[in-house]
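S.K.: Take a look at this one; I'll ask things after.
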Amino acid sequence: MQIKKVLNSKEIKKIEEILTRNYSCDFKLREYFVFINSDDKLWIVSKDIVKFETENLRRINSMGLYFGRLKKNNKISLSIEGCQLIGKTAKKNIVIVNEENMKKFFNGNDIVGEQINCEVNNFVLVKFKDDFIGMGILRDGKIENLLPKSRRLI
Amino acid sequence: MIPKNFENKYKLLFEKEYDEIISINRDYIKSAIRVNTIKISKKELTSRIMDKGWKIKQIPWFENGFFVETEEDKSKTPEYLLGYYYIQESISMLPPVILDAKENERVLDLAASPGSKTTQMAAMMNNKGLIVANDIKMKRLVALRFNLQKYGVINTIVTNMDGRQFQNLNIKFDKVLLDAPCSNSGMFFKNPTLFKYWNQSRINEMSRLQKQLLQSASKCLTDDGIIVYSTCSLEPEENEEVIDYAVNCLNLNVEKVNIKGLKYHKGLKSFEKKEYSSEVKKCLRIMPNDNFTEGFFVCKLKKS
């Protein structure tokens with residue numbers, strides 16, 4: 001894994017603002033060590049790791065958790081784990097689905113659900129009961145499924 | 001069909017218990033899950049799966065592990081897909097319990113893929129401290145990375161090295177887990193078709209590799225560091241012989257471990273013509289009929 005850029009506190013704050021704007025959440029990204037890899041993906045790592053001397057490690061393949069990807073239009077697409085972290089305090093761009101649509105979502109299909117403060121053509125957090133199950137895009141009244149194939153049922 | 005060489009060796013090894021152990025099949029192995037406390041509390045998950053009608057029973061040796069009985073496919077529930085539990089053999093939860101990694105420690109998982117024990121340790125460490133999870137095979141790292149992501153792990157660095165090279169890096173760890181690559185002979189009992197893969201020369205090869213890996217692990221250890229060595233093999237060459245080498249050549253002592261509710265046999269004092277150090281009997285040799293699990297071997301070592 002190549003680290004393209006380790007984000008400084010100012011850059012992290014900017015991403016926190018984007019997260020707040022998109023999801024009305026109170027997520028403290030500053031509690032993590034944050035970096036962007038060569039695919040422009042945002043990764044988060046426990047700050048504890050930085051305390052340890054790791055410079056002698058060789059052949060590092062990956063580090064921490066894939067959190068999401070920042071888009072050029074200041075929108076942010078999140079991994080399932082990113083959704084779960086953000087979802088705890090999010091109040092906006094959430095779609096609540098019933099059991100039938102939850103199953104459809106895990107099967108990789110587009111779905112419909114109850115929209116909570118959603119913006120058209122934006123990323124939305126998909127929620128079933130208390131669980132944030134992934135990410136979609138609200139378009140033409142439907143939620144386009146963004147669940148990665150490796151995390152689907154089929 | 002059981003190979004004749006295997007039968008001869010295991011009759012010596014199991015003595016009176018041979019017939020009982022050999023008749024064990026996969027129906028005897030209890031299915032188990034581990035709650036991923038990084039994402040959900042034990043109380044919340046157990047309540048959810050019991051509401052679905054699953055029968056659950058606490059695994060005596062790990063507080064977040066449960067034997068489960070259900071008709072439902074455990075790998076197709078929302079809770080599984082979201083990383084709330086890991087489907088894991090109950091006995092494979094034991095090495096991290098013995099290692100007992102703490103929040104502020106540096107831990108090396110020398111042969112980590114597919115990550116069942118790495119994710120367990122991360123949860124036990126509350127996602128703090130540092131785990132370096134290594135595997136030599138790039139293909140196996142895909143599964144490791146997938147699981148680290150799915151289970152929400154943020155305290156781990158994944159490396160792709162030959163574990164034998166770690167000793168040259170000049171990095172020290174408080175604890176090392178060496179769940180060593182092995183012949184897997186402890187798993188044969190749950191699936192008799194696997195007996196055909198049993199091969200003494202492969203076992204001897206694995207034994208050499210295991211000693212080299214253990215040497216590397218010992219060189220990476222802080223002065224009062226701990227290594228937990230485990231295999232899912234019941235071959236003395238891959239277990240007692242490796243620990244005998246650790247005691248005699250690597251200045252490691254075997255620590256006695258007490259695990260509540262776990263049945264086990266002591267490490268062998270000798271096998272065929274080989275005599276082992278008396279320290280070796282402090283190891284845990286777990287037969288399939290002890291706890292209705294795979295056959296397993298585990299040992300806690302400390303620098304002397």
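The chains in the structure tokens are called A, B, ... from first to last as shown; in each chain the residues are counted from 1, and the ligands are counted from 1 in the order shown.
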Just the residues within 12 Å of Asn37 (chain A), please, counting only C-alpha atoms, with nothing from its chain fewer than 5 positions along; format it as JSON, numbers by chain.
M.R.: {"A": [1, 2, 3, 4, 5, 6, 7, 42, 43, 44, 61, 62, 63, 64, 65, 66, 67, 68, 69, 70]}
S.K.: Can you write out the residues you just picked, keeping N, CA, C and O atoms, as a PDB file, in the first residue's frame?
M.R.:
ATOM      1  N   MET A   1       0.841  -1.186   0.000  1.00  0.00           N
ATOM      2  CA  MET A   1       0.000   0.000   0.000  1.00  0.00           C
ATOM      3  C   MET A   1       0.880   1.240   0.000  1.00  0.00           C
ATOM      4  O   MET A   1       1.801   1.346   0.797  1.00  0.00           O
ATOM      5  N   GLN A   2       0.538   2.159  -0.896  1.00  0.00           N
ATOM      6  CA  GLN A   2       1.293   3.406  -0.918  1.00  0.00           C
ATOM      7  C   GLN A   2       0.490   4.515  -0.268  1.00  0.00           C
ATOM      8  O   GLN A   2      -0.669   4.731  -0.622  1.00  0.00           O
ATOM      9  N   ILE A   3       1.123   5.178   0.686  1.00  0.00           N
ATOM     10  CA  ILE A   3       0.455   6.326   1.298  1.00  0.00           C
ATOM     11  C   ILE A   3       0.777   7.541   0.441  1.00  0.00           C
ATOM     12  O   ILE A   3       1.942   7.897   0.269  1.00  0.00           O
ATOM     13  N   LYS A   4      -0.284   8.124  -0.135  1.00  0.00           N
ATOM     14  CA  LYS A   4      -0.056   9.292  -0.984  1.00  0.00           C
ATOM     15  C   LYS A   4       0.104  10.540  -0.114  1.00  0.00           C
ATOM     16  O   LYS A   4       0.950  11.382  -0.388  1.00  0.00           O
ATOM     17  N   LYS A   5      -0.707  10.603   0.931  1.00  0.00           N
ATOM     18  CA  LYS A   5      -0.649  11.807   1.764  1.00  0.00           C
ATOM     19  C   LYS A   5      -1.204  11.507   3.154  1.00  0.00           C
ATOM     20  O   LYS A   5      -2.276  10.927   3.284  1.00  0.00           O
ATOM     21  N   VAL A   6      -0.460  11.911   4.154  1.00  0.00           N
ATOM     22  CA  VAL A   6      -0.977  11.850   5.527  1.00  0.00           C
ATOM     23  C   VAL A   6      -1.647  13.192   5.798  1.00  0.00           C
ATOM     24  O   VAL A   6      -1.040  14.247   5.567  1.00  0.00           O
ATOM     25  N   LEU A   7      -2.895  13.161   6.225  1.00  0.00           N
ATOM     26  CA  LEU A   7      -3.625  14.416   6.385  1.00  0.00           C
ATOM     27  C   LEU A   7      -3.245  15.124   7.690  1.00  0.00           C
ATOM     28  O   LEU A   7      -3.115  14.471   8.733  1.00  0.00           O
ATOM     29  N   LEU A  42      -9.691   7.225   1.421  1.00  0.00           N
ATOM     30  CA  LEU A  42      -9.368   7.673   2.789  1.00  0.00           C
ATOM     31  C   LEU A  42      -9.286   6.478   3.720  1.00  0.00           C
ATOM     32  O   LEU A  42     -10.209   5.659   3.756  1.00  0.00           O
ATOM     33  N   TRP A  43      -8.213   6.391   4.459  1.00  0.00           N
ATOM     34  CA  TRP A  43      -8.036   5.291   5.426  1.00  0.00           C
ATOM     35  C   TRP A  43      -7.874   5.877   6.823  1.00  0.00           C
ATOM     36  O   TRP A  43      -7.263   6.942   6.981  1.00  0.00           O
ATOM     37  N   ILE A  44      -8.403   5.167   7.804  1.00  0.00           N
ATOM     38  CA  ILE A  44      -8.207   5.609   9.186  1.00  0.00           C
ATOM     39  C   ILE A  44      -7.487   4.523   9.989  1.00  0.00           C
ATOM     40  O   ILE A  44      -7.691   3.329   9.761  1.00  0.00           O
ATOM     41  N   ASN A  61       1.651  -4.078   3.491  1.00  0.00           N
ATOM     42  CA  ASN A  61       0.628  -4.313   2.476  1.00  0.00           C
ATOM     43  C   ASN A  61      -0.583  -3.410   2.692  1.00  0.00           C
ATOM     44  O   ASN A  61      -1.183  -2.929   1.734  1.00  0.00           O
ATOM     45  N   SER A  62      -0.962  -3.209   3.937  1.00  0.00           N
ATOM     46  CA  SER A  62      -2.064  -2.295   4.224  1.00  0.00           C
ATOM     47  C   SER A  62      -2.008  -1.882   5.682  1.00  0.00           C
ATOM     48  O   SER A  62      -1.258  -2.478   6.479  1.00  0.00           O
ATOM     49  N   MET A  63      -2.835  -0.905   6.010  1.00  0.00           N
ATOM     50  CA  MET A  63      -2.792  -0.353   7.357  1.00  0.00           C
ATOM     51  C   MET A  63      -4.162   0.236   7.672  1.00  0.00           C
ATOM     52  O   MET A  63      -4.678   1.036   6.893  1.00  0.00           O
ATOM     53  N   GLY A  64      -4.784  -0.200   8.746  1.00  0.00           N
ATOM     54  CA  GLY A  64      -6.038   0.404   9.177  1.00  0.00           C
ATOM     55  C   GLY A  64      -7.243   0.029   8.335  1.00  0.00           C
ATOM     56  O   GLY A  64      -7.272  -1.022   7.696  1.00  0.00           O
ATOM     57  N   LEU A  65      -8.204   0.920   8.316  1.00  0.00           N
ATOM     58  CA  LEU A  65      -9.539   0.643   7.794  1.00  0.00           C
ATOM     59  C   LEU A  65      -9.874   1.595   6.639  1.00  0.00           C
ATOM     60  O   LEU A  65      -9.670   2.805   6.754  1.00  0.00           O
ATOM     61  N   TYR A  66     -10.403   1.026   5.566  1.00  0.00           N
ATOM     62  CA  TYR A  66     -10.874   1.882   4.458  1.00  0.00           C
ATOM     63  C   TYR A  66     -12.150   2.588   4.911  1.00  0.00           C
ATOM     64  O   TYR A  66     -13.142   1.955   5.227  1.00  0.00           O
ATOM     65  N   PHE A  67     -12.087   3.909   4.948  1.00  0.00           N
ATOM     66  CA  PHE A  67     -13.194   4.695   5.496  1.00  0.00           C
ATOM     67  C   PHE A  67     -14.140   5.196   4.403  1.00  0.00           C
ATOM     68  O   PHE A  67     -15.356   5.131   4.536  1.00  0.00           O
ATOM     69  N   GLY A  68     -13.561   5.694   3.319  1.00  0.00           N
ATOM     70  CA  GLY A  68     -14.419   6.227   2.260  1.00  0.00           C
ATOM     71  C   GLY A  68     -13.600   6.931   1.193  1.00  0.00           C
ATOM     72  O   GLY A  68     -12.374   6.929   1.246  1.00  0.00           O
ATOM     73  N   ARG A  69     -14.339   7.515   0.244  1.00  0.00           N
ATOM     74  CA  ARG A  69     -13.646   8.198  -0.835  1.00  0.00           C
ATOM     75  C   ARG A  69     -14.243   9.606  -1.008  1.00  0.00           C
ATOM     76  O   ARG A  69     -15.456   9.748  -1.103  1.00  0.00           O
ATOM     77  N   LEU A  70     -13.354  10.573  -1.036  1.00  0.00           N
ATOM     78  CA  LEU A  70     -13.778  11.964  -1.179  1.00  0.00           C
ATOM     79  C   LEU A  70     -13.935  12.278  -2.667  1.00  0.00           C
ATOM     80  O   LEU A  70     -13.036  12.009  -3.464  1.00  0.00           O
TER      81      LEU A  70
END
S.K.: Please list as a ChimeraX atom specification every residue within 6 Å of region 109-123 of chain B, counting only C-alpha atoms and excluding residues in the same chain fewer than 2 positions away.
M.R.: /B:37-38,96,125-127,133-135,140,143-144,163,176-178
S.K.: Against chain A, which residues of chain B fall within 6 Å? For each one I want the closest pair of atoms and the distance in Å (one decimal), counting only C-alpha atoms, rows by chain and increasing residue number, as JSON lines.
M.R.:
{"residue": "B:Gly129", "atom": "CA", "partner": "A:Asp48", "partner_atom": "CA", "distance": 5.4}
{"residue": "B:Leu130", "atom": "CA", "partner": "A:Ile49", "partner_atom": "CA", "distance": 5.4}
{"residue": "B:Gln149", "atom": "CA", "partner": "A:Leu65", "partner_atom": "CA", "distance": 5.7}
{"residue": "B:Ile154", "atom": "CA", "partner": "A:Gly64", "partner_atom": "CA", "distance": 4.3}
{"residue": "B:Asn155", "atom": "CA", "partner": "A:Ser46", "partner_atom": "CA", "distance": 5.2}
{"residue": "B:Thr156", "atom": "CA", "partner": "A:Gly64", "partner_atom": "CA", "distance": 5.7}
{"residue": "B:Ile157", "atom": "CA", "partner": "A:Met63", "partner_atom": "CA", "distance": 4.4}
{"residue": "B:Val158", "atom": "CA", "partner": "A:Ser62", "partner_atom": "CA", "distance": 5.1}
{"residue": "B:Thr159", "atom": "CA", "partner": "A:Ile60", "partner_atom": "CA", "distance": 4.4}
{"residue": "B:Asn160", "atom": "CA", "partner": "A:Arg59", "partner_atom": "CA", "distance": 5.5}
{"residue": "B:Leu169", "atom": "CA", "partner": "A:Asn56", "partner_atom": "CA", "distance": 5.9}
S.K.: Go ahead and save the residues from that selection, with N, CA, C and O atoms, as a JSON list (two decimals), in the first residue's frame.
M.R.:
[["chain", "number", "residue", "atom", "x", "y", "z"],
["B", 129, "GLY", "N", -3.46, -0.12, 20.85],
["B", 129, "GLY", "CA", -2.15, -0.75, 20.75],
["B", 129, "GLY", "C", -1.78, -0.97, 19.28],
["B", 129, "GLY", "O", -2.26, -0.26, 18.40],
["B", 130, "LEU", "N", -0.97, -1.98, 19.04],
["B", 130, "LEU", "CA", -0.54, -2.26, 17.65],
["B", 130, "LEU", "C", -0.48, -3.77, 17.42],
["B", 130, "LEU", "O", 0.08, -4.52, 18.22],
["B", 149, "GLN", "N", -11.14, -5.50, 7.46],
["B", 149, "GLN", "CA", -12.09, -4.44, 7.10],
["B", 149, "GLN", "C", -13.48, -4.76, 7.65],
["B", 149, "GLN", "O", -14.09, -3.95, 8.35],
["B", 154, "ILE", "N", -8.82, -1.23, 13.33],
["B", 154, "ILE", "CA", -8.03, -0.03, 12.97],
["B", 154, "ILE", "C", -6.64, -0.03, 13.61],
["B", 154, "ILE", "O", -5.90, 0.93, 13.45],
["B", 155, "ASN", "N", -6.30, -1.08, 14.35],
["B", 155, "ASN", "CA", -5.00, -1.04, 15.05],
["B", 155, "ASN", "C", -3.98, -1.99, 14.42],
["B", 155, "ASN", "O", -3.04, -2.40, 15.09],
["B", 156, "THR", "N", -4.18, -2.32, 13.13],
["B", 156, "THR", "CA", -3.34, -3.37, 12.54],
["B", 156, "THR", "C", -2.62, -2.92, 11.28],
["B", 156, "THR", "O", -3.21, -2.25, 10.43],
["B", 157, "ILE", "N", -1.37, -3.32, 11.20],
["B", 157, "ILE", "CA", -0.58, -3.14, 9.98],
["B", 157, "ILE", "C", -0.37, -4.53, 9.38],
["B", 157, "ILE", "O", 0.02, -5.46, 10.09],
["B", 158, "VAL", "N", -0.67, -4.67, 8.09],
["B", 158, "VAL", "CA", -0.51, -5.96, 7.43],
["B", 158, "VAL", "C", 0.80, -5.98, 6.65],
["B", 158, "VAL", "O", 1.08, -5.05, 5.88],
["B", 159, "THR", "N", 1.60, -7.01, 6.87],
["B", 159, "THR", "CA", 2.85, -7.14, 6.11],
["B", 159, "THR", "C", 2.86, -8.45, 5.35],
["B", 159, "THR", "O", 2.18, -9.40, 5.72],
["B", 160, "ASN", "N", 3.66, -8.47, 4.30],
["B", 160, "ASN", "CA", 3.74, -9.63, 3.40],
["B", 160, "ASN", "C", 5.19, -10.12, 3.35],
["B", 160, "ASN", "O", 5.91, -9.88, 2.41],
["B", 169, "LEU", "N", 14.67, -7.60, 11.39],
["B", 169, "LEU", "CA", 14.14, -6.24, 11.27],
["B", 169, "LEU", "C", 14.47, -5.34, 12.44],
["B", 169, "LEU", "O", 14.24, -4.14, 12.38]]
S.K.: Which polymer residues have any atom within 9 Å of an atom of region 28-36 of chain B, counting only C-alpha atoms, with same-chain residues fewer than 6 positions away left out, as a count of residues only?
M.R.: 34
S.K.: Can you list every residue in region 104-144 of chain B that DSSP puts in strand (DSSP E), as a list in words?
M.R.: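 DSSP-assigned strand (DSSP E) residues in region 104-144 of chain B: Arg106, Val107, Leu108, Asp109, Leu130, Ile131, Val132, Ala133 and Asn134 of chain B.
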S.K.: Which residues are close to region 143-147 of chain A, i.e. within 6 Å by only C-alpha atoms, leaving aside same-chain residues fewer than 4 positions away? Reply as a PDB file with N, CA and C atoms, in the first residue's frame.
M.R.:
ATOM      1  N   ASP A 110     -31.193  -2.423  -6.488  1.00  0.00           N
ATOM      2  CA  ASP A 110     -31.597  -1.077  -6.085  1.00  0.00           C
ATOM      3  C   ASP A 110     -32.854  -1.192  -5.225  1.00  0.00           C
ATOM      4  N   ILE A 111     -33.065  -0.210  -4.372  1.00  0.00           N
ATOM      5  CA  ILE A 111     -34.148  -0.330  -3.381  1.00  0.00           C
ATOM      6  C   ILE A 111     -34.905   0.983  -3.215  1.00  0.00           C
ATOM      7  N   VAL A 112     -35.979   0.914  -2.435  1.00  0.00           N
ATOM      8  CA  VAL A 112     -36.676   2.135  -2.022  1.00  0.00           C
ATOM      9  C   VAL A 112     -36.813   2.111  -0.500  1.00  0.00           C
ATOM     10  N   MET A 135     -24.188   1.869   1.677  1.00  0.00           N
ATOM     11  CA  MET A 135     -24.305   3.177   1.047  1.00  0.00           C
ATOM     12  C   MET A 135     -25.010   3.047  -0.299  1.00  0.00           C
ATOM     13  N   GLY A 136     -25.772   4.079  -0.642  1.00  0.00           N
ATOM     14  CA  GLY A 136     -26.399   4.118  -1.965  1.00  0.00           C
ATOM     15  C   GLY A 136     -26.388   5.537  -2.488  1.00  0.00           C
ATOM     16  N   ILE A 137     -26.943   5.716  -3.702  1.00  0.00           N
ATOM     17  CA  ILE A 137     -27.130   7.083  -4.234  1.00  0.00           C
ATOM     18  C   ILE A 137     -28.621   7.248  -4.518  1.00  0.00           C
ATOM     19  N   LEU A 138     -29.182   8.343  -4.046  1.00  0.00           N
ATOM     20  CA  LEU A 138     -30.594   8.620  -4.305  1.00  0.00           C
ATOM     21  C   LEU A 138     -30.731   9.250  -5.688  1.00  0.00           C
TER      22      LEU A 138
END
S.K.: Pick out the residues sitting within 10 Å of region 243-251 of chain B, and hand them over as a PyMOL selection string; count only C-alpha atoms, and ignore anything fewer than 3 positions along from it in its own chain.
M.R.: chain B and resi 210-211+214-216+218-219+229+236-240+254+267+269+275-281+283+298-304
